[in-house]
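This is target-v8.txt (compact mmCIF, C-alpha atoms).
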```
# COMPACT_ATOMS: atom_id res chain seq x y z
CA MET B 136 46.22 -37.46 69.38
CA ARG B 137 48.92 -40.09 69.07
CA THR B 138 46.52 -42.91 69.79
CA SER B 139 44.04 -41.69 67.19
CA ASN B 140 46.84 -41.49 64.58
CA LEU B 141 47.85 -45.05 65.36
CA ALA B 142 44.25 -46.18 65.16
CA ALA B 143 43.85 -44.50 61.76
CA LEU B 144 47.01 -46.18 60.54
CA GLY B 145 45.78 -49.53 61.83
CA LEU B 146 42.40 -49.07 60.15
CA THR B 147 44.07 -48.15 56.83
CA LEU B 148 46.21 -51.27 57.07
CA VAL B 149 43.21 -53.47 57.75
CA VAL B 150 41.26 -51.96 54.83
CA PHE B 151 44.28 -52.31 52.54
CA LEU B 152 44.78 -55.95 53.50
CA ALA B 153 41.09 -56.70 53.07
CA LEU B 154 41.14 -55.10 49.62
CA SER B 155 44.23 -57.00 48.48
CA ALA B 156 42.70 -60.23 49.78
CA ALA B 157 39.60 -59.52 47.71
CA ALA B 158 41.79 -58.87 44.66
CA MET B 159 43.72 -62.09 45.18
CA ALA B 160 40.48 -64.02 45.44
CA GLY B 161 39.98 -63.24 41.73
CA GLY B 162 38.26 -59.96 41.04
CA ASN B 163 34.84 -58.46 41.36
CA ALA B 164 32.08 -59.54 38.98
CA GLU B 165 30.09 -56.29 39.39
CA ASN B 166 33.14 -54.23 38.40
CA GLY B 167 33.80 -56.69 35.60
CA LYS B 168 30.31 -56.14 34.21
CA LYS B 169 30.92 -52.37 34.12
CA ILE B 170 34.25 -52.85 32.34
CA VAL B 171 32.72 -55.27 29.81
CA GLN B 172 29.91 -52.82 29.02
CA ALA B 173 31.90 -49.56 28.98
CA ARG B 174 32.61 -48.34 25.45
CA ASN B 175 35.97 -46.89 26.48
CA LEU B 176 37.16 -50.04 28.31
CA GLY B 177 36.15 -53.57 27.34
CA ASN B 178 33.42 -52.68 24.83
CA CYS B 179 33.02 -56.45 24.45
CA ALA B 180 29.60 -56.18 22.73
CA ALA B 181 31.38 -54.66 19.72
CA CYS B 182 32.25 -58.23 18.73
CA HIS B 183 30.50 -60.60 21.19
CA VAL B 184 26.97 -61.35 22.31
CA VAL B 185 26.92 -60.15 25.94
CA PRO B 186 23.90 -60.80 28.20
CA GLY B 187 21.68 -57.73 28.48
CA MET B 188 23.38 -55.70 25.72
CA GLU B 189 21.62 -54.67 22.54
CA PHE B 190 23.02 -54.71 18.98
CA PRO B 191 25.88 -57.09 19.72
CA GLY B 192 28.55 -57.75 17.09
CA ASP B 193 29.04 -61.18 15.53
CA VAL B 194 32.78 -61.16 14.96
CA GLY B 195 33.53 -63.25 18.06
CA PRO B 196 31.52 -65.99 19.83
CA ASP B 197 28.63 -65.53 22.30
CA LEU B 198 30.44 -65.01 25.62
CA ALA B 199 28.02 -66.95 27.82
CA LYS B 200 28.08 -69.89 25.41
CA SER B 201 31.84 -69.88 24.99
CA MET B 202 32.23 -69.97 28.80
CA GLU B 203 30.50 -73.37 28.83
CA GLY B 204 33.81 -74.93 27.84
CA TYR B 205 35.69 -73.61 30.89
CA ALA B 206 35.58 -75.08 34.41
CA ALA B 207 36.75 -73.19 37.52
CA LYS B 208 40.21 -74.75 37.16
CA ASP B 209 40.59 -73.22 33.67
CA ARG B 210 40.63 -69.73 35.12
CA ASP B 211 44.18 -69.04 33.86
CA THR B 212 43.14 -69.90 30.29
CA VAL B 213 40.15 -67.55 30.39
CA TRP B 214 42.39 -64.87 31.90
CA GLN B 215 44.92 -65.33 29.08
CA TRP B 216 42.18 -65.01 26.44
CA VAL B 217 41.26 -61.59 27.77
CA TRP B 218 44.82 -60.49 28.52
CA ASP B 219 46.36 -61.49 25.16
CA ALA B 220 44.47 -63.87 22.86
CA ARG B 221 47.43 -64.02 20.46
CA LYS B 222 48.77 -66.86 22.60
CA PHE B 223 45.96 -69.08 21.25
CA ASP B 224 45.62 -67.56 17.77
CA PRO B 225 48.53 -65.42 16.51
CA ASP B 226 46.30 -63.83 13.82
CA THR B 227 43.32 -63.11 16.07
CA ILE B 228 41.35 -59.87 15.68
CA MET B 229 40.87 -59.65 19.46
CA PRO B 230 42.83 -56.69 20.82
CA PRO B 231 45.66 -57.58 23.22
CA PHE B 232 43.98 -55.91 26.21
CA GLY B 233 46.90 -56.47 28.60
CA PRO B 234 50.07 -55.77 26.57
CA ASN B 235 48.48 -52.77 24.81
CA LYS B 236 47.38 -51.30 28.15
CA LEU B 237 43.66 -51.30 27.35
CA LEU B 238 42.98 -52.96 30.73
CA THR B 239 45.05 -53.44 33.90
CA LYS B 240 45.65 -56.82 35.54
CA GLU B 241 43.03 -56.01 38.18
CA GLN B 242 40.49 -55.09 35.51
CA VAL B 243 41.14 -58.37 33.68
CA ASP B 244 40.63 -60.19 37.01
CA ASP B 245 37.24 -58.47 37.32
CA VAL B 246 36.27 -59.28 33.73
CA VAL B 247 37.16 -62.96 34.25
CA GLU B 248 35.07 -63.02 37.42
CA TYR B 249 32.15 -61.55 35.45
CA LEU B 250 32.61 -64.12 32.66
CA TYR B 251 32.30 -66.96 35.18
CA SER B 252 29.18 -65.29 36.59
CA ILE B 253 27.39 -65.37 33.18
CA LYS B 254 28.40 -68.96 32.48
CA LYS B 255 25.27 -71.06 31.98
CA LYS B 256 25.03 -73.65 34.74
CA MET R 40 95.57 -85.71 -0.57
CA SER R 41 93.88 -88.94 -1.58
CA ARG R 42 91.45 -89.06 -4.46
CA LEU R 43 88.57 -89.61 -2.02
CA GLY R 44 89.67 -86.53 -0.03
CA ARG R 45 89.74 -84.37 -3.19
CA VAL R 46 86.29 -85.58 -4.22
CA LEU R 47 84.98 -84.79 -0.76
CA VAL R 48 86.44 -81.27 -0.82
CA MET R 49 84.94 -80.65 -4.26
CA LEU R 50 81.55 -81.88 -3.08
CA VAL R 51 81.64 -79.60 -0.02
CA CYS R 52 82.62 -76.60 -2.18
CA ALA R 53 79.85 -77.33 -4.71
CA PHE R 54 77.28 -77.67 -1.92
CA GLY R 55 78.49 -74.38 -0.36
CA ALA R 56 78.22 -72.55 -3.67
CA LEU R 57 74.75 -73.93 -4.28
CA THR R 58 73.42 -72.98 -0.85
CA ALA R 59 74.96 -69.50 -1.10
CA GLY R 60 73.29 -69.05 -4.48
CA ALA R 61 69.94 -70.25 -3.20
CA TRP R 62 70.25 -67.98 -0.16
CA ARG R 63 70.96 -64.93 -2.31
CA TYR R 64 68.10 -65.83 -4.63
CA ALA R 65 65.76 -66.17 -1.65
CA LEU R 66 66.90 -62.77 -0.31
CA ALA R 67 66.38 -61.10 -3.68
CA ALA R 68 62.90 -62.62 -3.99
CA ASP R 69 62.11 -61.39 -0.48
CA GLU R 70 63.11 -57.84 -1.34
CA ALA R 71 61.16 -57.87 -4.59
CA ALA R 72 57.78 -58.78 -3.08
CA PRO R 73 57.16 -58.86 0.65
CA GLN R 74 55.12 -61.93 1.44
CA ILE R 75 51.66 -60.90 2.57
CA LYS R 76 49.17 -63.63 3.29
CA GLU R 77 45.97 -62.27 1.82
CA TYR R 78 42.70 -62.93 3.60
CA LYS R 79 39.60 -64.40 2.07
CA PRO R 80 36.25 -63.04 3.27
CA ASN R 81 34.44 -65.26 5.78
CA ILE R 82 31.14 -64.32 4.15
CA SER R 83 30.27 -64.93 0.48
CA ALA R 84 29.61 -61.99 -1.85
CA ARG R 85 25.91 -62.90 -2.14
CA GLU R 86 25.44 -63.15 1.62
CA TYR R 87 27.31 -59.85 2.04
CA GLU R 88 24.94 -58.10 -0.34
CA LYS R 89 21.94 -59.52 1.55
CA ARG R 90 23.31 -58.27 4.87
CA TYR R 91 24.27 -54.91 3.42
CA ASN R 92 20.74 -54.39 2.09
CA ALA R 93 19.27 -55.46 5.43
CA VAL R 94 21.32 -52.80 7.27
CA TYR R 95 21.46 -49.92 4.77
CA GLY R 96 19.00 -50.83 2.01
CA LYS R 97 15.96 -48.67 2.75
CA TYR R 98 18.01 -45.74 4.01
CA THR R 99 19.99 -45.46 0.80
CA GLU R 100 16.73 -45.64 -1.18
CA GLN R 101 15.28 -42.75 0.84
CA MET R 102 18.45 -40.74 0.37
CA ALA R 103 18.33 -41.26 -3.38
CA GLU R 104 14.75 -39.94 -3.45
CA GLU R 105 15.49 -36.86 -1.41
CA GLY R 106 18.76 -35.90 -3.08
CA ASN R 107 22.33 -35.52 -1.87
CA PRO R 108 23.30 -32.46 0.21
CA ALA R 109 26.71 -32.55 -1.49
CA ASP R 110 25.02 -31.47 -4.75
CA PHE R 111 25.28 -27.86 -3.49
CA MET R 112 29.04 -28.29 -3.12
CA LEU R 113 29.16 -29.73 -6.62
CA ASP R 114 27.50 -26.55 -7.99
CA ASP R 115 30.06 -24.40 -6.16
CA GLY R 116 32.81 -26.57 -7.63
CA LYS R 117 31.51 -25.88 -11.11
CA ASP R 118 31.69 -22.12 -10.45
CA LEU R 119 35.23 -22.43 -9.08
CA PHE R 120 36.27 -24.31 -12.22
CA SER R 121 35.76 -21.22 -14.33
CA LYS R 122 36.95 -18.68 -11.73
CA VAL R 123 40.12 -16.87 -12.87
CA GLU R 124 42.83 -17.01 -10.21
CA GLY R 125 46.60 -16.47 -9.99
CA SER R 126 49.28 -14.53 -11.88
CA ALA R 127 48.67 -16.23 -15.27
CA GLY R 128 45.10 -14.90 -15.42
CA LYS R 129 43.66 -18.34 -16.08
CA SER R 130 40.97 -20.58 -14.71
CA CYS R 131 40.73 -24.39 -14.96
CA ALA R 132 38.29 -23.85 -17.83
CA SER R 133 40.92 -21.89 -19.82
CA CYS R 134 42.73 -25.17 -20.60
CA HIS R 135 40.17 -27.90 -19.92
CA GLY R 136 37.12 -26.41 -21.68
CA ALA R 137 34.21 -24.35 -20.40
CA ASN R 138 32.38 -27.40 -19.06
CA GLY R 139 35.51 -29.43 -18.50
CA GLU R 140 34.94 -31.41 -21.72
CA LYS R 141 38.61 -32.34 -21.91
CA LEU R 142 38.53 -33.89 -18.44
CA LYS R 143 35.73 -36.37 -19.10
CA GLY R 144 36.96 -39.78 -17.95
CA ALA R 145 40.28 -38.37 -16.70
CA ALA R 146 39.58 -39.12 -13.03
CA ALA R 147 39.03 -42.83 -13.81
CA GLY R 148 42.79 -43.30 -14.15
CA PHE R 149 43.66 -41.73 -10.78
CA PRO R 150 45.59 -42.25 -8.56
CA LYS R 151 48.41 -42.74 -11.02
CA TYR R 152 52.20 -42.72 -11.15
CA ASP R 153 53.71 -39.34 -11.99
CA PRO R 154 57.23 -39.50 -13.51
CA ALA R 155 57.89 -35.84 -12.59
CA THR R 156 57.62 -36.46 -8.85
CA LYS R 157 58.36 -40.20 -8.98
CA GLY R 158 55.32 -40.71 -6.78
CA ILE R 159 51.59 -41.32 -6.82
CA ASN R 160 49.34 -38.49 -7.92
CA THR R 161 45.76 -38.13 -6.72
CA VAL R 162 43.16 -35.84 -8.34
CA ALA R 163 43.42 -33.48 -5.35
CA LEU R 164 47.20 -33.29 -5.69
CA GLN R 165 46.97 -32.83 -9.47
CA ILE R 166 44.53 -29.91 -9.11
CA ASN R 167 46.90 -28.14 -6.74
CA ARG R 168 49.87 -28.80 -9.03
CA CYS R 169 47.93 -27.33 -11.96
CA ARG R 170 47.10 -24.27 -9.91
CA GLU R 171 50.73 -23.69 -8.98
CA ASP R 172 52.39 -24.60 -12.31
CA HIS R 173 49.90 -23.29 -14.86
CA MET R 174 47.73 -20.70 -13.10
CA GLY R 175 50.29 -19.17 -10.75
CA ALA R 176 47.72 -19.56 -7.98
CA ALA R 177 48.17 -20.70 -4.40
CA PRO R 178 47.42 -24.37 -3.71
CA LEU R 179 44.12 -25.04 -1.95
CA LYS R 180 44.27 -26.32 1.62
CA TYR R 181 43.35 -29.98 1.69
CA GLU R 182 39.86 -30.72 2.98
CA SER R 183 38.90 -27.02 2.80
CA TYR R 184 35.51 -26.27 1.23
CA ASP R 185 36.91 -24.96 -2.07
CA GLN R 186 39.38 -27.81 -2.42
CA LEU R 187 36.67 -30.44 -1.88
CA ALA R 188 34.26 -28.62 -4.21
CA LEU R 189 36.76 -28.50 -7.07
CA ASP R 190 37.84 -32.11 -6.48
CA LEU R 191 34.17 -33.16 -6.50
CA TYR R 192 33.40 -31.29 -9.72
CA VAL R 193 36.44 -32.66 -11.56
CA LYS R 194 35.58 -36.21 -10.50
CA SER R 195 31.91 -35.75 -11.41
CA LEU R 196 33.04 -35.16 -15.02
CA SER R 197 33.93 -38.89 -15.02
CA ASN R 198 30.70 -40.07 -13.42
CA GLY R 199 29.66 -43.41 -14.90
CA VAL R 200 33.12 -44.06 -16.36
CA PRO R 201 34.59 -47.38 -15.12
CA ILE R 202 37.60 -46.95 -12.83
CA LYS R 203 40.78 -48.04 -14.62
CA VAL R 204 43.77 -47.65 -12.35
CA SER R 205 47.11 -49.04 -13.48
CA ILE R 206 49.57 -50.70 -11.11
CA ASP R 207 52.00 -51.73 -13.85
CA GLY R 208 55.63 -50.69 -14.09
CA PRO R 209 56.74 -47.86 -11.81
CA ALA R 210 53.36 -47.76 -9.97
CA ARG R 211 53.85 -51.31 -8.69
CA PRO R 212 56.07 -50.57 -5.64
CA PHE R 213 53.59 -47.89 -4.49
CA TYR R 214 50.72 -50.36 -4.84
CA GLU R 215 52.71 -52.90 -2.80
CA ALA R 216 53.42 -50.27 -0.14
CA GLY R 217 49.70 -49.48 0.06
CA LYS R 218 48.90 -53.16 0.37
CA ALA R 219 51.54 -53.61 3.08
CA TYR R 220 49.94 -50.77 5.07
CA TYR R 221 46.51 -52.34 4.52
CA TYR R 222 47.66 -55.62 6.04
CA LYS R 223 49.83 -54.19 8.83
CA ARG R 224 48.47 -54.10 12.39
CA HIS R 225 47.91 -50.60 13.72
CA GLY R 226 47.03 -48.73 16.88
CA GLN R 227 46.25 -49.72 20.44
CA PHE R 228 43.56 -52.14 19.20
CA ASN R 229 46.10 -53.87 16.95
CA PHE R 230 43.77 -54.06 13.93
CA SER R 231 44.73 -54.07 10.28
CA CYS R 232 42.45 -52.57 7.61
CA ALA R 233 42.25 -56.00 5.96
CA LEU R 234 41.05 -57.78 9.10
CA CYS R 235 37.80 -55.80 9.22
CA HIS R 236 37.30 -55.03 5.54
CA VAL R 237 38.36 -58.34 3.98
CA LYS R 238 38.32 -61.20 6.51
CA TYR R 239 35.35 -60.03 8.59
CA SER R 240 33.54 -57.93 5.98
CA GLY R 241 29.81 -58.49 6.29
CA HIS R 242 30.04 -59.18 10.02
CA MET R 243 28.53 -56.76 12.50
CA MET R 244 30.72 -54.71 14.80
CA ARG R 245 28.10 -53.59 17.32
CA ALA R 246 25.45 -51.92 15.12
CA ASN R 247 27.82 -51.30 12.19
CA LEU R 248 28.25 -53.57 9.22
CA LEU R 249 31.92 -54.04 8.37
CA SER R 250 32.02 -53.01 4.73
CA ASN R 251 33.74 -54.84 1.91
CA ASN R 252 36.68 -52.96 0.36
CA ARG R 253 35.48 -53.49 -3.22
CA HIS R 254 33.31 -50.37 -2.99
CA HIS R 255 35.51 -48.19 -0.79
CA ALA R 256 37.02 -45.88 -3.38
CA ASP R 257 34.39 -45.31 -6.09
CA HIS R 258 32.28 -42.50 -4.56
CA TRP R 259 34.48 -39.86 -2.86
CA PRO R 260 34.07 -37.02 -1.95
CA SER R 261 30.88 -38.14 -0.17
CA TYR R 262 28.29 -36.58 2.08
CA ARG R 263 28.44 -38.48 5.35
CA LEU R 264 25.66 -38.26 7.93
CA LYS R 265 28.12 -38.85 10.78
CA TRP R 266 30.09 -35.78 9.70
CA ALA R 267 26.97 -33.82 8.73
CA GLY R 268 29.16 -32.71 5.85
CA THR R 269 31.15 -33.69 2.82
CA GLY R 270 34.65 -35.10 3.03
CA SER R 271 37.28 -37.07 1.15
CA LEU R 272 38.36 -40.69 1.28
CA GLN R 273 41.47 -39.57 3.16
CA ARG R 274 39.30 -37.98 5.84
CA ARG R 275 37.72 -41.42 6.18
CA PHE R 276 41.21 -42.96 6.46
CA ARG R 277 41.90 -40.59 9.35
CA GLY R 278 38.65 -41.65 11.01
CA CYS R 279 39.61 -45.31 10.70
CA ASN R 280 43.05 -44.57 12.15
CA LYS R 281 41.39 -42.93 15.15
CA ASN R 282 38.95 -45.84 15.52
CA VAL R 283 41.84 -48.23 16.08
CA ARG R 284 43.49 -45.63 18.36
CA GLN R 285 46.30 -44.77 15.99
CA LYS R 286 47.59 -41.29 15.27
CA PRO R 287 46.02 -40.12 11.98
CA LEU R 288 48.39 -39.10 9.17
CA PRO R 289 48.37 -35.78 7.23
CA PHE R 290 46.22 -35.40 4.10
CA GLU R 291 47.91 -36.41 0.84
CA CYS R 292 50.97 -37.86 2.60
CA GLU R 293 52.76 -40.64 0.74
CA THR R 294 51.21 -43.43 2.83
CA TYR R 295 47.64 -42.26 2.23
CA ARG R 296 48.27 -41.85 -1.50
CA ASP R 297 49.69 -45.41 -1.68
CA LEU R 298 46.71 -46.66 0.30
CA GLN R 299 44.32 -44.82 -2.02
CA LEU R 300 46.01 -46.45 -5.01
CA TYR R 301 45.61 -49.89 -3.42
CA LEU R 302 41.94 -49.32 -2.59
CA THR R 303 41.05 -47.73 -5.93
CA TYR R 304 42.62 -50.69 -7.70
CA GLN R 305 40.19 -52.93 -5.76
CA ALA R 306 37.37 -50.87 -7.33
CA ASN R 307 38.67 -51.25 -10.90
CA GLY R 308 35.80 -51.70 -13.35
CA LEU R 309 33.19 -50.02 -11.14
CA PRO R 310 31.74 -46.72 -12.39
CA ILE R 311 32.73 -43.50 -10.59
CA GLN R 312 29.72 -42.17 -8.65
CA VAL R 313 30.24 -38.81 -6.96
CA PRO R 314 29.08 -37.34 -4.70
CA GLY R 315 28.48 -40.44 -2.59
CA PHE R 316 26.07 -40.61 0.32
CA LYS R 317 27.22 -42.49 3.40
CA MET R 318 25.89 -43.22 6.86
```
What do you get writing this file as C-alpha cells?
Amino acid sequence: MRTSNLAALGLTLVVFLALSAAAMAGGNAENGKKIVQARNLGNCAACHVVPGMEFPGDVGPDLAKSMEGYAAKDRDTVWQWVWDARKFDPDTIMPPFGPNKLLTKEQVDDVVEYLYSIKKK
Amino acid sequence: MSRLGRVLVMLVCAFGALTAGAWRYALAADEAAPQIKEYKPNISAREYEKRYNAVYGKYTEQMAEEGNPADFMLDDGKDLFSKVEGSAGKSCASCHGANGEKLKGAAAGFPKYDPATKGINTVALQINRCREDHMGAAPLKYESYDQLALDLYVKSLSNGVPIKVSIDGPARPFYEAGKAYYYKRHGQFNFSCALCHVKYSGHMMRANLLSNNRHHADHWPSYRLKWAGTGSLQRRFRGCNKNVRQKPLPFECETYRDLQLYLTYQANGLPIQVPGFKM
C-alpha cells in the first residue's frame, strides 16, 4: 500500500516536471493553433490572414508574412506583440491579450510557438 | 539692495506672474475642451463605397424589392398614434393632427437640448414625456413593441427630411461628452467606437465590413436580420458594448443620449429613412 502510494507520488512528480519542462521550452504549436482559431480565445482571423482560415479580416497584417521579419532570437518581441502590443504602438487596435486576461502566459507561449511554425522558410 | 538686485527681483516676479497666468490659461482651456485626437479613415470615401457595395450591395437591393418586415410595426405605430390613453382622454393625434401633420420634419432636429431637464432629449424620451405630461398615461417601456412602433411612426413622418441636429450653445457639452465616449477605449478588448468606425472603417473584421459612422444614425428603428426583429439605435449600442466585452448601459441613459447626439450630428444633411433594413 505504502509503496504504491510512493510510486504514485513519484510518477506525479515526474509527469509534473516533464510538463513544466515542456512549458519552459516555449509552448505547444498544436495548442497554439487551437487558441488562434478559437472564436472565444485568440480569434486572430478577425483581423489577420491566418493559414487555413476562411474570411480573414484585413485590419492587421498577414501573420505568416509578418513572421518573416522575426528570427528565433526575436522570440521575446513576438511574445510581447501578442501579450501587449501597446508597447510598440500605444494607439494600436490589437487587444492587450495578457493584461486584459484574454490569454494566460502559457497560452501566449503556445500562440508564439504556433506563429513560428507558420513562418515561411 | 543694489539696483541690479532690485531689477533681478522684479524680473523674477514678472516671470512668475507670467508663468502662473499661462498655467491658469492652459488649465482653463483644458477644462473647456478635452483634447481628443480625431482619427482620419484609412480608406477613402470612394473606396469605402465600392467595398460596401461588394459586401452588401445585392442583398440590400433584394430587400428593397421584397419589402421591409418593419412595415407591419409601422402600421401598428400609426394605430397607436390615434389610440386614446390616460386620464386626460387624449391620443397623440389629439394635439399633433389625425395623420401627425404637425410632426412632419420634427424628428429631423432630434436629439436636441431640452431646457426643462437640462439634458438631451431623444424622440423616444419625448414621446414618453408627452404621454406623462399631456395624456396622463404611463410611459412606455423602452424597446417594447408599442414603444418602438410609436417611435417608428413618429420618425417616419419626417422621412426624406434632411437631419438637422444642433450642437450649439447648451447642447455643446453633451455633444463633447458623446464624442469623448466615442473615442474612449472600452471593454476587455480595449476598443473605442472610433477605432473601428472611423480609423478602420471599410476594413473587414472577419466577414463583417466595419461601417463608416456617417450613416449610423439616419435609419433607426431598423429591422435587423441578426435580431430577426426591429430595434433601436440604442439596442445596437448595447450590442457593440457586448462585442467589445463591456457591460451594456440602460436604454435612454445620459451616456447613450449623448452618444446618439454625437452620431446623429455626423449624419447631418442626410435624409431620415425609417424603417431601415440591416444585416
Problem - Distance query 12 Å from (44.4, -63.2, -0.4) using all atoms listed in the file, result as a ChimeraX atom specification - result: /R:74-81,218,222,233-234,237-238
Exercise for the section: Using only C-alpha atoms, select each residue of chain B with any atom at most 9 Å away from an atom of chain R, and give the selection as a ChimeraX atom specification. Expected result: /B:180-183,189-194,228-232,235-237
Problem - Using all atoms listed in the file: which of B:Ala173, B:Ala199, B:Ala164, B:Cys179 has the shortest distance to Ile253 in chain B - result: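 Ranked by minimum distance to Ile253 in chain B, first place goes to B:Ala199.
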Practice task
Give me, please, the distance in Å between CA of Gly270 in chain R and CA of Asp190 in chain R, quoted to one decimal.
Solution key: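 Separating CA of Gly270 in chain R from CA of Asp190 in chain R is a distance of 10.5 Å.
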Practice task
Can you work out the spacing between CA of Tyr304 in chain R and CA of Val204 in chain R in Å, to one decimal?
Solution key: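 Here the two named atoms are 5.7 Å from each other.
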Practice task
With a distance cut-off of 6 Å and only C-alpha atoms, select the neighbouring residues of range 252-267 of chain R, excluding the residue or stretch itself and same-chain residues fewer than 3 positions from it, and output the selection as an NGL selection string.
Solution key: :R and (109 or 191 or 236 or 270-272 or 303 or 305-306 or 311-318)
Atoms kept (C-alpha atoms) for selection, written as a PDB file, in the frame of the given file:
```pdb
ATOM      1  CA  ALA R 109      26.710 -32.550  -1.490  1.00  0.00           C
ATOM      2  CA  LEU R 191      34.170 -33.160  -6.500  1.00  0.00           C
ATOM      3  CA  HIS R 236      37.300 -55.030   5.540  1.00  0.00           C
ATOM      4  CA  GLY R 270      34.650 -35.100   3.030  1.00  0.00           C
ATOM      5  CA  SER R 271      37.280 -37.070   1.150  1.00  0.00           C
ATOM      6  CA  LEU R 272      38.360 -40.690   1.280  1.00  0.00           C
ATOM      7  CA  THR R 303      41.050 -47.730  -5.930  1.00  0.00           C
ATOM      8  CA  GLN R 305      40.190 -52.930  -5.760  1.00  0.00           C
ATOM      9  CA  ALA R 306      37.370 -50.870  -7.330  1.00  0.00           C
ATOM     10  CA  ILE R 311      32.730 -43.500 -10.590  1.00  0.00           C
ATOM     11  CA  GLN R 312      29.720 -42.170  -8.650  1.00  0.00           C
ATOM     12  CA  VAL R 313      30.240 -38.810  -6.960  1.00  0.00           C
ATOM     13  CA  PRO R 314      29.080 -37.340  -4.700  1.00  0.00           C
ATOM     14  CA  GLY R 315      28.480 -40.440  -2.590  1.00  0.00           C
ATOM     15  CA  PHE R 316      26.070 -40.610   0.320  1.00  0.00           C
ATOM     16  CA  LYS R 317      27.220 -42.490   3.400  1.00  0.00           C
ATOM     17  CA  MET R 318      25.890 -43.220   6.860  1.00  0.00           C
TER      18      MET R 318
END
```
Practice task
Kindly give the distance, in Å, that separates CA of Gly148 in chain R and CA of Ser205 in chain R, rounded to a single decimal.
Solution key: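 Between CA of Gly148 in chain R and CA of Ser205 in chain R the gap works out to 7.2 Å.
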Centre and edges of the range 222-236 of chain B box, axis-aligned, 4 Å extra per side, as JSON:
```
{"center_x": 45.5, "center_y": -60.2, "center_z": 21.2, "size_x": 17.2, "size_y": 25.8, "size_z": 22.8}
```
Exercise for the section: Would you mind listing what lies within 12 Å of Glu124 in chain R as a list of chain:residue names, with only C-alpha atoms counted and same-chain residues fewer than 3 positions away left out? Expected result: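 Counting only the stated atoms, we get R:Leu119, R:Phe120, R:Ser121, R:Ala127, R:Gly128, R:Lys129, R:Ser130, R:Cys131, R:Ala132, R:Ser133, R:Cys169, R:Arg170, R:Glu171, R:His173, R:Met174, R:Gly175, R:Ala176, R:Ala177, R:Pro178, R:Leu179.
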Exercise for the section: Would you mind listing what lies within 9 Å of Gly158 in chain R as a PyMOL selection string, with only C-alpha atoms counted and same-chain residues fewer than 3 positions away left out? Expected result: chain R and resi 151-155+209-210+213+293+296-297
Practice task
Name the closest residue to Asp197 in chain B among the candidates B:Glu241, B:Lys255, B:Gly162, B:Lys222; distances are taken between atoms, counting all atoms listed in the file.
Solution key: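 The answer is B:Lys255, which sits nearest to Asp197 in chain B.
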Exercise for the section: Within 10 Å of Val217 in chain B, counting all atoms listed in the file, which residues show up once you throw out same-chain ones fewer than 3 positions away? Write them as a PyMOL selection string, please. Expected result: chain B and resi 177+212-214+220-221+229-233+238+243-244+246-247
Please produce range 231-245 of chain R, completed to N, CA and C atoms, as a compact mmCIF listing (two decimals), in the frame of the given file.
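Below is the file selection24.txt, written as the result:
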```
# COMPACT_ATOMS: atom_id res chain seq x y z
N SER R 231 44.30 -54.50 11.60
CA SER R 231 44.73 -54.07 10.28
C SER R 231 43.47 -53.72 9.51
N CYS R 232 43.61 -52.92 8.44
CA CYS R 232 42.45 -52.57 7.61
C CYS R 232 41.82 -53.86 7.08
N ALA R 233 42.71 -54.79 6.64
CA ALA R 233 42.25 -56.00 5.96
C ALA R 233 41.45 -56.92 6.88
N LEU R 234 41.78 -56.92 8.17
CA LEU R 234 41.05 -57.78 9.10
C LEU R 234 39.56 -57.48 9.05
N CYS R 235 39.21 -56.19 9.19
CA CYS R 235 37.80 -55.80 9.22
C CYS R 235 37.18 -55.80 7.83
N HIS R 236 37.92 -55.30 6.84
CA HIS R 236 37.30 -55.03 5.54
C HIS R 236 37.53 -56.12 4.49
N VAL R 237 38.27 -57.17 4.86
CA VAL R 237 38.36 -58.34 3.98
C VAL R 237 37.87 -59.56 4.76
N LYS R 238 38.63 -59.96 5.79
CA LYS R 238 38.32 -61.20 6.51
C LYS R 238 36.92 -61.16 7.15
N TYR R 239 36.62 -60.09 7.86
CA TYR R 239 35.35 -60.03 8.59
C TYR R 239 34.31 -59.15 7.90
N SER R 240 34.52 -58.80 6.64
CA SER R 240 33.54 -57.93 5.98
C SER R 240 32.20 -58.65 5.92
N GLY R 241 31.14 -57.90 6.25
CA GLY R 241 29.81 -58.49 6.29
C GLY R 241 29.40 -58.88 7.70
N HIS R 242 30.38 -58.97 8.61
CA HIS R 242 30.04 -59.18 10.02
C HIS R 242 29.58 -57.87 10.64
N MET R 243 28.94 -57.97 11.79
CA MET R 243 28.53 -56.76 12.50
C MET R 243 29.55 -56.44 13.58
N MET R 244 29.93 -55.17 13.68
CA MET R 244 30.72 -54.71 14.80
C MET R 244 29.81 -53.75 15.55
N ARG R 245 29.24 -54.25 16.64
CA ARG R 245 28.10 -53.59 17.32
C ARG R 245 27.01 -53.33 16.28
```
